[in-house]
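Chemist: So here's input.cif, just mmCIF, C-alpha atoms:
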```cif
data_entry
loop_
_atom_site.label_atom_id
_atom_site.label_comp_id
_atom_site.auth_asym_id
_atom_site.auth_seq_id
_atom_site.Cartn_x
_atom_site.Cartn_y
_atom_site.Cartn_z
CA MET A 1 -24.26 -66.48 6.49
CA LYS A 2 -21.28 -68.55 5.57
CA LEU A 3 -17.98 -67.11 6.68
CA GLU A 4 -14.73 -68.90 6.10
CA VAL A 5 -11.61 -67.39 7.65
CA VAL A 6 -7.99 -68.51 7.50
CA ILE A 7 -5.54 -65.85 8.62
CA PHE A 8 -1.84 -65.90 9.26
CA LYS A 9 -0.14 -62.63 10.11
CA LYS A 10 3.13 -61.88 11.89
CA LEU A 11 2.59 -59.36 14.70
CA SER A 12 5.28 -57.78 16.84
CA GLU A 13 4.62 -59.91 19.93
CA TYR A 14 3.18 -63.13 18.52
CA ASP A 15 1.83 -64.59 15.29
CA LEU A 16 -1.84 -64.38 14.53
CA ASP A 17 -2.90 -67.79 13.31
CA VAL A 18 -6.65 -68.40 13.18
CA CYS A 19 -8.89 -70.63 11.14
CA PHE A 20 -12.67 -70.98 11.46
CA GLU A 21 -15.85 -71.42 9.51
CA SER A 22 -19.21 -70.16 10.71
CA HIS A 23 -22.84 -70.34 9.67
CA GLU A 24 -24.17 -68.37 12.61
CA ASP A 25 -26.08 -65.12 12.20
CA ARG A 26 -24.34 -63.64 15.21
CA LEU A 27 -20.93 -65.06 15.94
CA GLY A 28 -18.88 -63.90 18.88
CA LEU A 29 -15.11 -63.68 19.13
CA MET A 30 -13.94 -63.43 22.70
CA GLY A 31 -10.54 -62.86 24.20
CA PRO A 32 -8.51 -60.61 26.50
CA SER A 33 -7.17 -57.32 25.18
CA GLY A 34 -4.16 -57.73 22.93
CA SER A 35 -5.20 -61.24 21.89
CA GLY A 36 -5.51 -60.30 18.23
CA LYS A 37 -9.29 -60.22 17.98
CA SER A 38 -9.46 -56.70 16.54
CA MET A 39 -6.81 -57.68 14.01
CA VAL A 40 -9.01 -60.58 12.86
CA LEU A 41 -11.88 -58.13 12.28
CA LYS A 42 -9.59 -55.70 10.46
CA CYS A 43 -8.37 -58.45 8.15
CA ILE A 44 -11.95 -59.49 7.38
CA ALA A 45 -12.90 -55.86 6.67
CA GLY A 46 -9.87 -55.48 4.44
CA ILE A 47 -8.25 -52.58 6.28
CA MET A 48 -5.40 -54.89 7.26
CA THR A 49 -3.86 -57.52 5.00
CA PRO A 50 -2.91 -60.98 6.32
CA ASP A 51 0.49 -62.35 5.33
CA ALA A 52 -1.26 -65.47 4.14
CA GLY A 53 -4.72 -67.01 4.24
CA ARG A 54 -8.16 -66.98 2.74
CA ILE A 55 -11.37 -65.12 3.58
CA VAL A 56 -14.65 -66.09 1.98
CA LEU A 57 -18.06 -64.61 2.72
CA ASP A 58 -21.16 -66.25 1.21
CA ASP A 59 -19.16 -67.84 -1.62
CA GLU A 60 -17.44 -64.58 -2.51
CA VAL A 61 -13.67 -64.76 -2.13
CA LEU A 62 -12.57 -61.53 -0.43
CA PHE A 63 -8.96 -62.52 0.13
CA ASP A 64 -6.82 -65.37 -1.05
CA SER A 65 -3.05 -65.16 -0.81
CA ASP A 66 -2.50 -68.11 -3.18
CA LEU A 67 -4.82 -66.75 -5.86
CA LYS A 68 -3.58 -63.20 -5.21
CA ILE A 69 -7.09 -61.94 -4.54
CA ASN A 70 -7.50 -58.97 -2.22
CA ILE A 71 -10.79 -57.09 -2.60
CA SER A 72 -10.58 -53.49 -1.35
CA PRO A 73 -12.50 -52.62 1.86
CA GLN A 74 -14.68 -50.28 -0.21
CA LYS A 75 -15.97 -53.22 -2.26
CA ARG A 76 -16.30 -55.87 0.45
CA LYS A 77 -19.74 -54.73 1.63
CA ILE A 78 -18.67 -55.27 5.21
CA GLY A 79 -19.58 -52.71 7.87
CA TYR A 80 -17.30 -51.97 10.81
CA MET A 81 -18.15 -50.40 14.15
CA PHE A 82 -15.06 -49.12 15.91
CA GLN A 83 -14.55 -49.14 19.65
CA ASN A 84 -14.53 -45.32 19.69
CA TYR A 85 -17.23 -45.24 16.96
CA ALA A 86 -15.02 -43.26 14.52
CA LEU A 87 -17.69 -40.64 13.84
CA PHE A 88 -16.46 -37.74 11.72
CA ASP A 89 -16.05 -34.79 14.10
CA HIS A 90 -16.54 -32.09 11.48
CA MET A 91 -19.80 -33.57 10.22
CA ASN A 92 -23.05 -33.36 12.14
CA VAL A 93 -25.15 -36.44 12.90
CA TYR A 94 -27.14 -36.16 9.67
CA GLN A 95 -24.00 -35.82 7.54
CA ASN A 96 -22.33 -38.73 9.34
CA ILE A 97 -25.23 -41.06 8.60
CA ALA A 98 -25.46 -39.81 5.01
CA ALA A 99 -21.71 -40.36 4.41
CA PRO A 100 -21.85 -44.02 3.28
CA LEU A 101 -24.84 -43.31 1.03
CA LYS A 102 -23.03 -40.38 -0.58
CA ALA A 103 -19.95 -42.56 -1.05
CA HIS A 104 -22.12 -45.07 -2.92
CA HIS A 105 -23.42 -42.24 -5.15
CA GLU A 106 -27.05 -42.59 -4.15
CA ASP A 107 -29.57 -40.08 -5.39
CA LYS A 108 -29.90 -36.96 -3.19
CA GLN A 109 -33.60 -37.47 -2.52
CA VAL A 110 -33.05 -41.16 -1.69
CA ILE A 111 -30.28 -40.23 0.76
CA LYS A 112 -32.55 -37.74 2.50
CA GLU A 113 -35.38 -40.25 2.84
CA LYS A 114 -33.16 -43.08 4.06
CA VAL A 115 -31.33 -40.94 6.61
CA GLN A 116 -34.53 -39.44 7.97
CA GLN A 117 -36.17 -42.84 8.16
CA ILE A 118 -33.32 -44.40 10.10
CA MET A 119 -32.98 -41.40 12.43
CA LYS A 120 -36.68 -41.75 13.21
CA ASP A 121 -36.19 -45.47 13.75
CA PHE A 122 -33.33 -44.87 16.16
CA GLN A 123 -35.07 -41.93 17.84
CA ILE A 124 -32.16 -39.62 17.13
CA GLY A 125 -34.01 -37.20 14.85
CA ASP A 126 -33.59 -34.26 17.22
CA LEU A 127 -29.82 -34.79 17.27
CA GLN A 128 -29.36 -34.36 13.52
CA LYS A 129 -27.70 -30.92 13.71
CA ARG A 130 -25.38 -31.90 16.57
CA TYR A 131 -21.70 -32.67 16.14
CA PRO A 132 -20.21 -35.89 17.62
CA ARG A 133 -18.42 -33.96 20.40
CA GLN A 134 -21.84 -32.73 21.54
CA LEU A 135 -23.15 -36.28 22.04
CA SER A 136 -23.07 -38.62 25.03
CA GLY A 137 -21.45 -42.06 24.73
CA GLY A 138 -24.80 -43.78 24.29
CA GLN A 139 -25.93 -41.30 21.64
CA LYS A 140 -22.67 -41.78 19.76
CA GLN A 141 -23.16 -45.55 19.78
CA ARG A 142 -26.67 -45.12 18.35
CA VAL A 143 -25.46 -42.78 15.60
CA ALA A 144 -22.63 -45.16 14.72
CA LEU A 145 -25.09 -48.06 14.51
CA ALA A 146 -27.46 -46.02 12.34
CA ARG A 147 -24.56 -45.13 10.02
CA LEU A 148 -23.67 -48.82 9.87
CA LEU A 149 -27.18 -50.05 9.07
CA VAL A 150 -28.25 -47.35 6.64
CA TYR A 151 -26.33 -48.78 3.68
CA ASP A 152 -26.12 -52.15 2.00
CA THR A 153 -23.77 -54.62 3.70
CA ASN A 154 -23.54 -58.41 3.88
CA LEU A 155 -21.89 -58.51 7.30
CA VAL A 156 -21.24 -56.07 10.12
CA LEU A 157 -18.24 -56.29 12.42
CA LEU A 158 -18.62 -54.92 15.94
CA ASP A 159 -15.34 -54.16 17.66
CA GLU A 160 -16.10 -53.84 21.41
CA PRO A 161 -18.79 -51.24 20.80
CA PHE A 162 -19.98 -51.22 24.43
CA SER A 163 -16.69 -51.12 26.29
CA ALA A 164 -16.62 -47.31 26.58
CA LEU A 165 -20.13 -47.10 28.05
CA ASP A 166 -21.42 -46.93 31.63
CA GLU A 167 -22.46 -50.28 33.13
CA SER A 168 -26.08 -49.17 33.43
CA LEU A 169 -26.24 -48.20 29.78
CA LYS A 170 -24.38 -51.23 28.42
CA GLU A 171 -27.22 -53.71 28.78
CA ILE A 172 -29.86 -51.40 27.35
CA LEU A 173 -27.78 -50.54 24.28
CA LEU A 174 -26.68 -54.12 23.81
CA ASN A 175 -30.27 -55.34 23.68
CA GLU A 176 -31.20 -52.46 21.43
CA THR A 177 -28.34 -53.23 19.07
CA LYS A 178 -29.26 -56.90 18.92
CA LYS A 179 -32.87 -56.01 18.17
CA LYS A 180 -31.84 -53.64 15.38
CA LEU A 181 -29.49 -56.20 13.83
CA ILE A 182 -32.34 -58.71 13.69
CA GLU A 183 -34.78 -56.09 12.43
CA TYR A 184 -32.41 -55.01 9.63
CA GLN A 185 -31.48 -58.65 8.95
CA LYS A 186 -27.77 -58.07 9.38
CA LYS A 187 -25.35 -60.80 10.22
CA CYS A 188 -22.63 -59.85 12.63
CA LEU A 189 -19.30 -60.80 14.07
CA PHE A 190 -19.03 -59.40 17.56
CA VAL A 191 -15.77 -58.93 19.40
CA THR A 192 -15.61 -58.43 23.17
CA HIS A 193 -13.67 -59.40 26.27
CA SER A 194 -16.85 -59.75 28.35
CA LEU A 195 -18.48 -63.17 28.68
CA LYS A 196 -21.78 -61.58 29.72
CA GLU A 197 -21.97 -59.37 26.63
CA MET A 198 -21.05 -62.33 24.49
CA GLU A 199 -23.80 -64.53 25.90
CA MET A 200 -26.44 -61.84 25.53
CA MET A 201 -25.50 -61.05 21.95
CA CYS A 202 -24.38 -64.21 20.22
CA ASP A 203 -25.58 -67.60 19.13
CA ASN A 204 -22.14 -69.13 19.25
CA LYS A 205 -18.71 -68.05 20.30
CA LEU A 206 -15.05 -68.56 19.58
CA LYS A 207 -12.28 -67.88 22.08
CA ILE A 208 -8.98 -66.38 21.10
CA LYS A 209 -5.74 -66.02 23.06
CA ARG A 210 -2.38 -64.74 21.88
CA GLY A 211 -3.39 -65.01 18.26
CA ARG A 212 -4.76 -68.55 18.43
CA LEU A 213 -8.26 -69.98 18.81
CA GLU A 214 -8.81 -72.20 21.83
CA MET B 215 0.69 12.37 4.90
CA LEU B 216 2.42 9.05 5.36
CA GLU B 217 3.30 8.89 1.68
CA LYS B 218 5.15 12.19 1.86
CA MET B 219 7.42 10.91 4.58
CA VAL B 220 8.11 7.36 3.50
CA ASP B 221 8.08 5.43 0.28
CA LEU B 222 5.25 2.92 0.49
CA SER B 223 6.44 0.79 -2.42
CA PRO B 224 8.02 -1.79 -0.04
CA LEU B 225 4.58 -2.35 1.48
CA TYR B 226 3.01 -3.05 -1.92
CA ILE B 227 5.89 -5.25 -3.01
CA SER B 228 5.81 -7.17 0.27
CA LEU B 229 2.04 -7.69 0.17
CA LYS B 230 2.18 -8.78 -3.46
CA THR B 231 5.04 -11.15 -2.68
CA ALA B 232 3.42 -12.56 0.46
CA ILE B 233 0.05 -13.15 -1.22
CA ILE B 234 1.47 -14.87 -4.31
CA THR B 235 3.85 -16.81 -2.04
CA ILE B 236 1.19 -18.12 0.31
CA ILE B 237 -0.95 -19.38 -2.56
CA ILE B 238 1.99 -21.36 -3.96
CA THR B 239 3.31 -22.47 -0.56
CA PHE B 240 -0.12 -23.53 0.71
CA PHE B 241 -0.77 -26.01 -2.08
CA LEU B 242 2.85 -27.09 -2.48
CA GLY B 243 3.23 -27.71 1.27
CA LEU B 244 -0.07 -29.57 1.47
CA PHE B 245 0.72 -31.69 -1.57
CA LEU B 246 4.25 -32.61 -0.48
CA ALA B 247 3.06 -33.34 3.08
CA LYS B 248 0.48 -35.79 1.74
CA TRP B 249 2.96 -37.19 -0.76
CA THR B 250 5.59 -37.77 1.94
CA LEU B 251 3.05 -39.46 4.23
CA ASN B 252 2.05 -41.79 1.40
CA ARG B 253 5.60 -43.15 0.95
CA LYS B 254 5.74 -46.81 1.90
CA HIS B 255 9.15 -47.01 3.57
CA ASP B 256 9.85 -45.21 6.81
CA LEU B 257 13.41 -44.43 5.74
CA THR B 258 12.17 -42.66 2.61
CA LYS B 259 9.82 -40.61 4.77
CA ILE B 260 12.58 -39.65 7.19
CA ILE B 261 14.96 -38.56 4.43
CA LEU B 262 12.31 -36.63 2.50
CA ASP B 263 11.22 -34.92 5.71
CA GLY B 264 14.81 -33.92 6.38
CA ILE B 265 15.22 -32.42 2.93
CA PHE B 266 11.92 -30.51 3.11
CA THR B 267 12.82 -29.10 6.52
CA MET B 268 16.27 -27.84 5.45
CA PRO B 269 15.16 -24.29 4.49
CA LEU B 270 13.83 -23.85 8.03
CA VAL B 271 17.07 -24.73 9.79
CA LEU B 272 19.68 -23.50 7.31
CA PRO B 273 20.61 -19.80 7.38
CA PRO B 274 18.52 -17.97 4.75
CA THR B 275 21.73 -16.75 3.13
CA VAL B 276 22.73 -20.36 2.52
CA MET B 277 19.38 -21.01 0.86
CA GLY B 278 19.94 -17.79 -1.10
CA PHE B 279 23.30 -19.14 -2.22
CA PHE B 280 21.68 -22.35 -3.47
CA LEU B 281 18.98 -20.36 -5.25
CA LEU B 282 21.61 -18.23 -6.98
CA MET B 283 23.35 -21.44 -8.03
CA ILE B 284 20.09 -22.54 -9.66
CA PHE B 285 18.49 -19.33 -10.96
CA GLY B 286 21.56 -17.14 -11.47
CA VAL B 287 22.08 -15.80 -15.01
CA ASN B 288 25.03 -18.09 -15.62
CA GLN B 289 23.43 -21.17 -14.07
CA PRO B 290 21.48 -23.88 -15.92
CA ILE B 291 17.89 -22.90 -15.08
CA GLY B 292 18.62 -19.18 -15.06
CA LYS B 293 20.27 -19.51 -18.47
CA LEU B 294 17.36 -21.53 -19.81
CA PHE B 295 14.86 -18.87 -18.76
CA LEU B 296 17.04 -16.10 -20.15
CA HIS B 297 17.52 -17.68 -23.56
CA VAL B 298 14.23 -19.48 -24.07
CA PHE B 299 11.79 -17.08 -22.38
CA HIS B 300 14.02 -13.98 -22.46
CA TYR B 301 13.33 -13.59 -18.78
CA LYS B 302 15.91 -12.88 -16.13
CA ILE B 303 14.87 -14.43 -12.83
CA ALA B 304 17.61 -13.20 -10.51
CA PHE B 305 17.07 -9.65 -9.23
CA SER B 306 13.51 -9.50 -10.58
CA PHE B 307 10.22 -9.42 -8.69
CA SER B 308 9.72 -13.15 -9.27
CA ALA B 309 12.97 -13.73 -7.37
CA THR B 310 11.38 -12.27 -4.21
CA VAL B 311 8.54 -14.78 -4.63
CA ILE B 312 10.90 -17.72 -5.22
CA ALA B 313 12.97 -16.83 -2.16
CA ALA B 314 9.86 -16.39 0.01
CA VAL B 315 8.31 -19.67 -1.21
CA VAL B 316 11.45 -21.67 -0.44
CA ILE B 317 11.92 -20.14 3.01
CA SER B 318 8.25 -20.28 4.07
CA PHE B 319 7.60 -23.75 2.62
CA PRO B 320 8.83 -25.85 5.60
CA LEU B 321 6.38 -24.19 8.02
CA MET B 322 3.43 -25.05 5.79
CA TYR B 323 4.74 -28.53 5.02
CA ARG B 324 5.42 -29.41 8.66
CA SER B 325 2.13 -28.03 9.98
CA ALA B 326 0.12 -29.81 7.31
CA LYS B 327 2.01 -33.06 7.86
CA ALA B 328 1.61 -32.91 11.65
CA ALA B 329 -2.10 -32.12 11.33
CA MET B 330 -2.65 -35.05 8.98
CA GLU B 331 -0.55 -37.43 11.06
CA GLN B 332 -2.58 -36.63 14.16
CA ILE B 333 -5.85 -37.78 12.61
CA ASP B 334 -7.19 -40.90 14.29
CA HIS B 335 -6.44 -43.69 11.82
CA ASP B 336 -9.77 -45.34 12.62
CA LEU B 337 -11.48 -42.41 10.85
CA ILE B 338 -9.66 -43.23 7.63
CA ASP B 339 -10.42 -46.95 8.02
CA ALA B 340 -14.05 -46.10 8.81
CA GLY B 341 -14.21 -44.12 5.58
CA ARG B 342 -12.89 -47.15 3.70
CA THR B 343 -15.39 -49.60 5.15
CA LEU B 344 -18.18 -47.07 4.51
CA GLY B 345 -17.25 -47.28 0.84
CA MET B 346 -15.46 -43.95 0.38
CA SER B 347 -12.76 -43.84 -2.29
CA GLU B 348 -9.27 -42.76 -1.21
CA LYS B 349 -9.79 -39.42 -2.99
CA ARG B 350 -13.09 -38.87 -1.22
CA ILE B 351 -11.50 -39.76 2.12
CA PHE B 352 -8.78 -37.16 1.51
CA PHE B 353 -11.21 -34.38 0.62
CA THR B 354 -14.07 -35.14 3.04
CA VAL B 355 -12.27 -36.68 6.02
CA ILE B 356 -8.54 -35.91 6.14
CA LEU B 357 -8.64 -32.31 4.91
CA PRO B 358 -11.53 -31.07 7.10
CA GLU B 359 -10.24 -32.92 10.18
CA ALA B 360 -6.77 -31.44 9.66
CA MET B 361 -7.99 -28.00 8.57
CA PRO B 362 -7.30 -26.09 11.82
CA GLY B 363 -3.66 -27.25 11.73
CA ILE B 364 -3.37 -26.61 8.01
CA ILE B 365 -4.76 -23.07 8.35
CA SER B 366 -2.41 -22.21 11.20
CA GLY B 367 0.49 -23.52 9.11
CA GLY B 368 -0.70 -21.30 6.28
CA VAL B 369 -0.75 -18.23 8.49
CA LEU B 370 2.67 -18.98 9.94
CA SER B 371 4.19 -19.37 6.50
CA PHE B 372 2.40 -16.21 5.29
CA ALA B 373 4.04 -14.27 8.12
CA ARG B 374 7.36 -15.96 7.43
CA GLY B 375 7.11 -15.09 3.73
CA LEU B 376 6.31 -11.48 4.57
CA GLY B 377 9.35 -11.30 6.81
CA GLU B 378 11.81 -13.01 4.48
CA PHE B 379 15.12 -11.12 4.30
CA GLY B 380 18.29 -13.15 3.76
CA ALA B 381 17.47 -15.31 0.75
CA THR B 382 15.56 -12.42 -0.82
CA ALA B 383 18.58 -10.12 -0.53
CA MET B 384 20.77 -12.79 -2.13
CA LEU B 385 18.54 -13.74 -5.06
CA ALA B 386 16.43 -10.61 -5.60
CA GLY B 387 18.69 -7.90 -4.29
CA ASN B 388 17.44 -4.67 -2.81
CA ILE B 389 16.16 -2.63 -5.74
CA VAL B 390 13.82 0.20 -4.75
CA GLY B 391 10.38 -0.16 -6.32
CA LYS B 392 11.21 -3.61 -7.66
CA THR B 393 12.53 -6.04 -5.09
CA ARG B 394 12.85 -3.96 -1.92
CA THR B 395 10.39 -5.59 0.48
CA LEU B 396 9.50 -4.30 3.95
CA PRO B 397 12.26 -6.19 5.82
CA LEU B 398 14.85 -4.96 3.27
CA ALA B 399 13.48 -1.44 3.59
CA VAL B 400 13.89 -1.60 7.39
CA TYR B 401 17.50 -2.66 6.94
CA SER B 402 18.23 -0.01 4.29
CA GLU B 403 16.68 2.82 6.32
CA VAL B 404 18.60 1.85 9.43
CA MET B 405 21.82 1.65 7.43
CA SER B 406 21.27 5.21 6.22
CA GLY B 407 20.40 6.37 9.73
CA ASN B 408 16.71 7.06 9.03
CA TYR B 409 15.33 5.46 12.16
CA ASP B 410 11.94 7.19 11.83
CA ASN B 411 11.30 5.72 8.40
CA ALA B 412 12.51 2.31 9.57
CA GLY B 413 10.07 2.61 12.49
CA VAL B 414 7.14 3.11 10.10
CA TYR B 415 8.06 -0.06 8.21
CA VAL B 416 8.53 -1.97 11.45
CA PHE B 417 5.12 -0.80 12.65
CA ILE B 418 3.46 -1.97 9.42
CA ILE B 419 5.07 -5.42 9.63
CA VAL B 420 4.10 -5.86 13.28
CA VAL B 421 0.48 -4.87 12.61
CA ILE B 422 0.08 -7.24 9.64
CA CYS B 423 1.65 -10.18 11.47
CA LEU B 424 -0.35 -9.55 14.63
CA ILE B 425 -3.61 -9.39 12.69
CA ALA B 426 -2.77 -12.65 10.89
CA VAL B 427 -1.86 -14.57 14.03
CA VAL B 428 -4.74 -13.26 16.15
CA GLY B 429 -7.08 -13.93 13.24
CA VAL B 430 -6.11 -17.58 13.08
CA ASN B 431 -6.53 -17.94 16.84
CA VAL B 432 -10.07 -16.53 16.57
CA TYR B 433 -10.81 -18.97 13.74
CA GLN B 434 -9.58 -21.96 15.75
CA TYR B 435 -11.48 -20.85 18.82
CA SER B 436 -14.71 -20.52 16.85
CA ILE B 437 -14.33 -24.00 15.31
CA LYS B 438 -13.72 -25.53 18.70
CA LYS B 439 -16.76 -23.76 20.10
CA LYS B 440 -19.01 -24.72 17.24
CA ARG B 441 -18.35 -28.44 17.61
CA SER B 442 -18.59 -28.79 21.37
CA PHE B 443 -20.96 -27.74 24.13
#
```
Could I get this structure in the form of structure tokens?
Modeler:
Amino acid sequence: MKLEVVIFKKLSEYDLDVCFESHEDRLGLMGPSGSGKSMVLKCIAGIMTPDAGRIVLDDEVLFDSDLKINISPQKRKIGYMFQNYALFDHMNVYQNIAAPLKAHHEDKQVIKEKVQQIMKDFQIGDLQKRYPRQLSGGQKQRVALARLLVYDTNLVLLDEPFSALDESLKEILLNETKKKLIEYQKKCLFVTHSLKEMEMMCDNKLKIKRGRLE
Amino acid sequence: MLEKMVDLSPLYISLKTAIITIIITFFLGLFLAKWTLNRKHDLTKIILDGIFTMPLVLPPTVMGFFLLMIFGVNQPIGKLFLHVFHYKIAFSFSATVIAAVVISFPLMYRSAKAAMEQIDHDLIDAGRTLGMSEKRIFFTVILPEAMPGIISGGVLSFARGLGEFGATAMLAGNIVGKTRTLPLAVYSEVMSGNYDNAGVYVFIIVVICLIAVVGVNVYQYSIKKKRSF
């Protein structure tokens, strides 16, 4: 992976001003809450727009304020796992995992096979008819990860995906997630405020504080 | 039996009005709620919201006055319809629908807007990163997530449309068999001292509104139950 990020964005309390380049498969971004790390992820995903800067992933320019390039999040091929998982409450587990495949207009039979394969892989097959509100925190995290890995992406962004979980569960799911990312050959940018999580998950890390890298 | 005692035409007129009204109000309210939310500037949103809420806070007779100024026979739009389509809007059945749509619209608009505003923004962003188009996000994420609030707005504005009196009296009048709806019939019967007949109309209105409101509560309860333990 080659990720090049230059972001400048005025926020209400401070200015976000970061610049880095990474070749790691699993890069960590660490900082206290409110340091702007989620905003960096959102800018990379395209759901927020920097005031100025440049974002390049594997030689594809996703954003460039000088060249007036701003690829839509739909076309960036970047997955995003939200802190609260952002599962769709009115869809059951099966429908949630099928959602990105449907959005990419995959064939019905292909969708069915892919979803069933990944549910088997994640051992969540017996949850397929359940709705997100009927799942535990750990189950939700697994479903969100399955939904993230089932479709074609070049990079996945993990926004504190373990912070809402019990201590005892954190380590298990973290190892599981890392294993799956390697298995599915996905590169990731992982955001957390925990040094321990960071060291378990990532090859290299960046530290951020009040919108600036240290 | 009932028919011998009281004229049931207000019931038919009211039901016809309320049903046509809710179909128009439902889509109009939903559309303008979404349209307002999509405006870029906060000030635009605030002003639009104020305008769309006016019929709820102004006296219905004031709204009726405005409607007469628009659809009256000697007013621009009323004249246009009269001369081009040979159709008189004021004091016709369509006037009861227009009055009911205008008065019931804010309830639908506000409920739909509140329901859509309450949706966790991460869900919309998640849809985007998962590759869903904005249209797909609206139909498969925003609408279903907001549906309980949208439905309850629909039921409220249905009941409001059924009960519309002031603006209807101004624009549509009180013509038996044509524009006399249930609320106007209650008023007319009381004015002529026929309290028994008025009571029948009152009873009918209460039953319909109660069924509608209880029905929506049952619907919301069942949705809640279906999606949790």
Chemist: Residues of chain B within 6 Å of chain A, using all atoms listed in the file, as number ranges by chain?
Modeler: B: 336-337, 342-346, 441-443
Chemist: Could you jot down the atom CA of A:Pro32 to atom CA of A:Ile182 separation for me, Å, one decimal place?
Modeler: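 Taking atom CA of A:Pro32 as the start and atom CA of A:Ile182 as the end point, the length is 27.1 Å.
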Chemist: Extract, using only C-alpha atoms, all DNA, RNA and protein residues at most 10 Å from stretch 156-172 of chain A, discarding same-chain residues fewer than 4 positions from it, and format them as an mmCIF file with C-alpha atoms, in the coordinates of the input.
Modeler:
```cif
data_model
loop_
_atom_site.group_PDB
_atom_site.id
_atom_site.type_symbol
_atom_site.label_atom_id
_atom_site.label_comp_id
_atom_site.auth_asym_id
_atom_site.auth_seq_id
_atom_site.Cartn_x
_atom_site.Cartn_y
_atom_site.Cartn_z
ATOM 1 C CA ARG A 26 -24.340 -63.640 15.210
ATOM 2 C CA LEU A 27 -20.930 -65.060 15.940
ATOM 3 C CA GLY A 28 -18.880 -63.900 18.880
ATOM 4 C CA LEU A 29 -15.110 -63.680 19.130
ATOM 5 C CA MET A 30 -13.940 -63.430 22.700
ATOM 6 C CA LYS A 37 -9.290 -60.220 17.980
ATOM 7 C CA SER A 38 -9.460 -56.700 16.540
ATOM 8 C CA MET A 39 -6.810 -57.680 14.010
ATOM 9 C CA LEU A 41 -11.880 -58.130 12.280
ATOM 10 C CA LYS A 42 -9.590 -55.700 10.460
ATOM 11 C CA ILE A 44 -11.950 -59.490 7.380
ATOM 12 C CA ALA A 45 -12.900 -55.860 6.670
ATOM 13 C CA LYS A 77 -19.740 -54.730 1.630
ATOM 14 C CA ILE A 78 -18.670 -55.270 5.210
ATOM 15 C CA GLY A 79 -19.580 -52.710 7.870
ATOM 16 C CA TYR A 80 -17.300 -51.970 10.810
ATOM 17 C CA MET A 81 -18.150 -50.400 14.150
ATOM 18 C CA PHE A 82 -15.060 -49.120 15.910
ATOM 19 C CA GLN A 83 -14.550 -49.140 19.650
ATOM 20 C CA ASN A 84 -14.530 -45.320 19.690
ATOM 21 C CA TYR A 85 -17.230 -45.240 16.960
ATOM 22 C CA SER A 136 -23.070 -38.620 25.030
ATOM 23 C CA GLY A 137 -21.450 -42.060 24.730
ATOM 24 C CA GLY A 138 -24.800 -43.780 24.290
ATOM 25 C CA GLN A 141 -23.160 -45.550 19.780
ATOM 26 C CA ALA A 144 -22.630 -45.160 14.720
ATOM 27 C CA LEU A 145 -25.090 -48.060 14.510
ATOM 28 C CA LEU A 148 -23.670 -48.820 9.870
ATOM 29 C CA LEU A 149 -27.180 -50.050 9.070
ATOM 30 C CA GLU A 176 -31.200 -52.460 21.430
ATOM 31 C CA THR A 177 -28.340 -53.230 19.070
ATOM 32 C CA LEU A 181 -29.490 -56.200 13.830
ATOM 33 C CA LYS A 186 -27.770 -58.070 9.380
ATOM 34 C CA LYS A 187 -25.350 -60.800 10.220
ATOM 35 C CA CYS A 188 -22.630 -59.850 12.630
ATOM 36 C CA LEU A 189 -19.300 -60.800 14.070
ATOM 37 C CA PHE A 190 -19.030 -59.400 17.560
ATOM 38 C CA VAL A 191 -15.770 -58.930 19.400
ATOM 39 C CA THR A 192 -15.610 -58.430 23.170
ATOM 40 C CA HIS A 193 -13.670 -59.400 26.270
ATOM 41 C CA SER A 194 -16.850 -59.750 28.350
ATOM 42 C CA LYS A 196 -21.780 -61.580 29.720
ATOM 43 C CA GLU A 197 -21.970 -59.370 26.630
ATOM 44 C CA MET A 200 -26.440 -61.840 25.530
#
```
Chemist: Kindly give the distance, in Å, that separates atom CA of B:Ile233 and atom CA of B:Ala386, rounded to a single decimal.
Modeler: 17.1 Å
Chemist: Applying the PyMOL selection byres ((chain B and resi 242-252) around 10) to the file I just gave you, which residues come out? Please list them as a PyMOL selection string.
Modeler: chain B and resi 236-241+253-256+258-263+266+315+318-331+352+357+364+367-368+371
Chemist: In Å to one decimal, how far is atom CA of A:Asp51 from atom CA of A:Lys10?
Modeler: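 Rounded to one decimal, the two atoms are 7.1 Å apart.
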Chemist: For a quick check of understanding, using all atoms listed in the file, which of B:Met268, B:Leu229, B:Val220, B:Ala304 has the smallest distance to B:Leu385?
Modeler: B:Ala304
Chemist: Since I can't run it myself right now, could you work out what the PyMOL selection byres ((chain B and resi 394) around 9) selects here and report it as a VMD selection string?
Modeler: chain B and resid 223 to 224 227 to 228 310 382 to 383 386 to 393 395 to 399
Chemist: Please enclose the listed atoms of stretch 2-5 of chain A in an axis-aligned box, pad each side by 5 Å, and write out the centre and the three edge lengths in Å, rounded to one decimal, as AutoDock Vina command-line options.
Modeler:
```
--center_x -16.4 --center_y -68.0 --center_z 6.6 --size_x 19.7 --size_y 11.8 --size_z 12.1
```
Chemist: Tell me which residues the PyMOL selection byres ((chain B and resi 373) around 10) grabs here, as a PyMOL selection string.
Modeler: chain B and resi 232+236+318+367-372+374-378+419-420+422-424+426-427
Chemist: List the neighbours of A:Met1 out to 9 Å using all atoms listed in the file; skip same-chain residues closer than 5 positions along the sequence, and give me the result as a CSV table (one decimal) with C-alpha atoms, in the frame of the given file.
Modeler:
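Final output, result.csv:
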```
chain,number,residue,atom,x,y,z
A,22,SER,CA,-19.2,-70.2,10.7
A,23,HIS,CA,-22.8,-70.3,9.7
A,24,GLU,CA,-24.2,-68.4,12.6
A,25,ASP,CA,-26.1,-65.1,12.2
A,57,LEU,CA,-18.1,-64.6,2.7
A,58,ASP,CA,-21.2,-66.2,1.2
A,154,ASN,CA,-23.5,-58.4,3.9
A,155,LEU,CA,-21.9,-58.5,7.3
A,187,LYS,CA,-25.4,-60.8,10.2
```
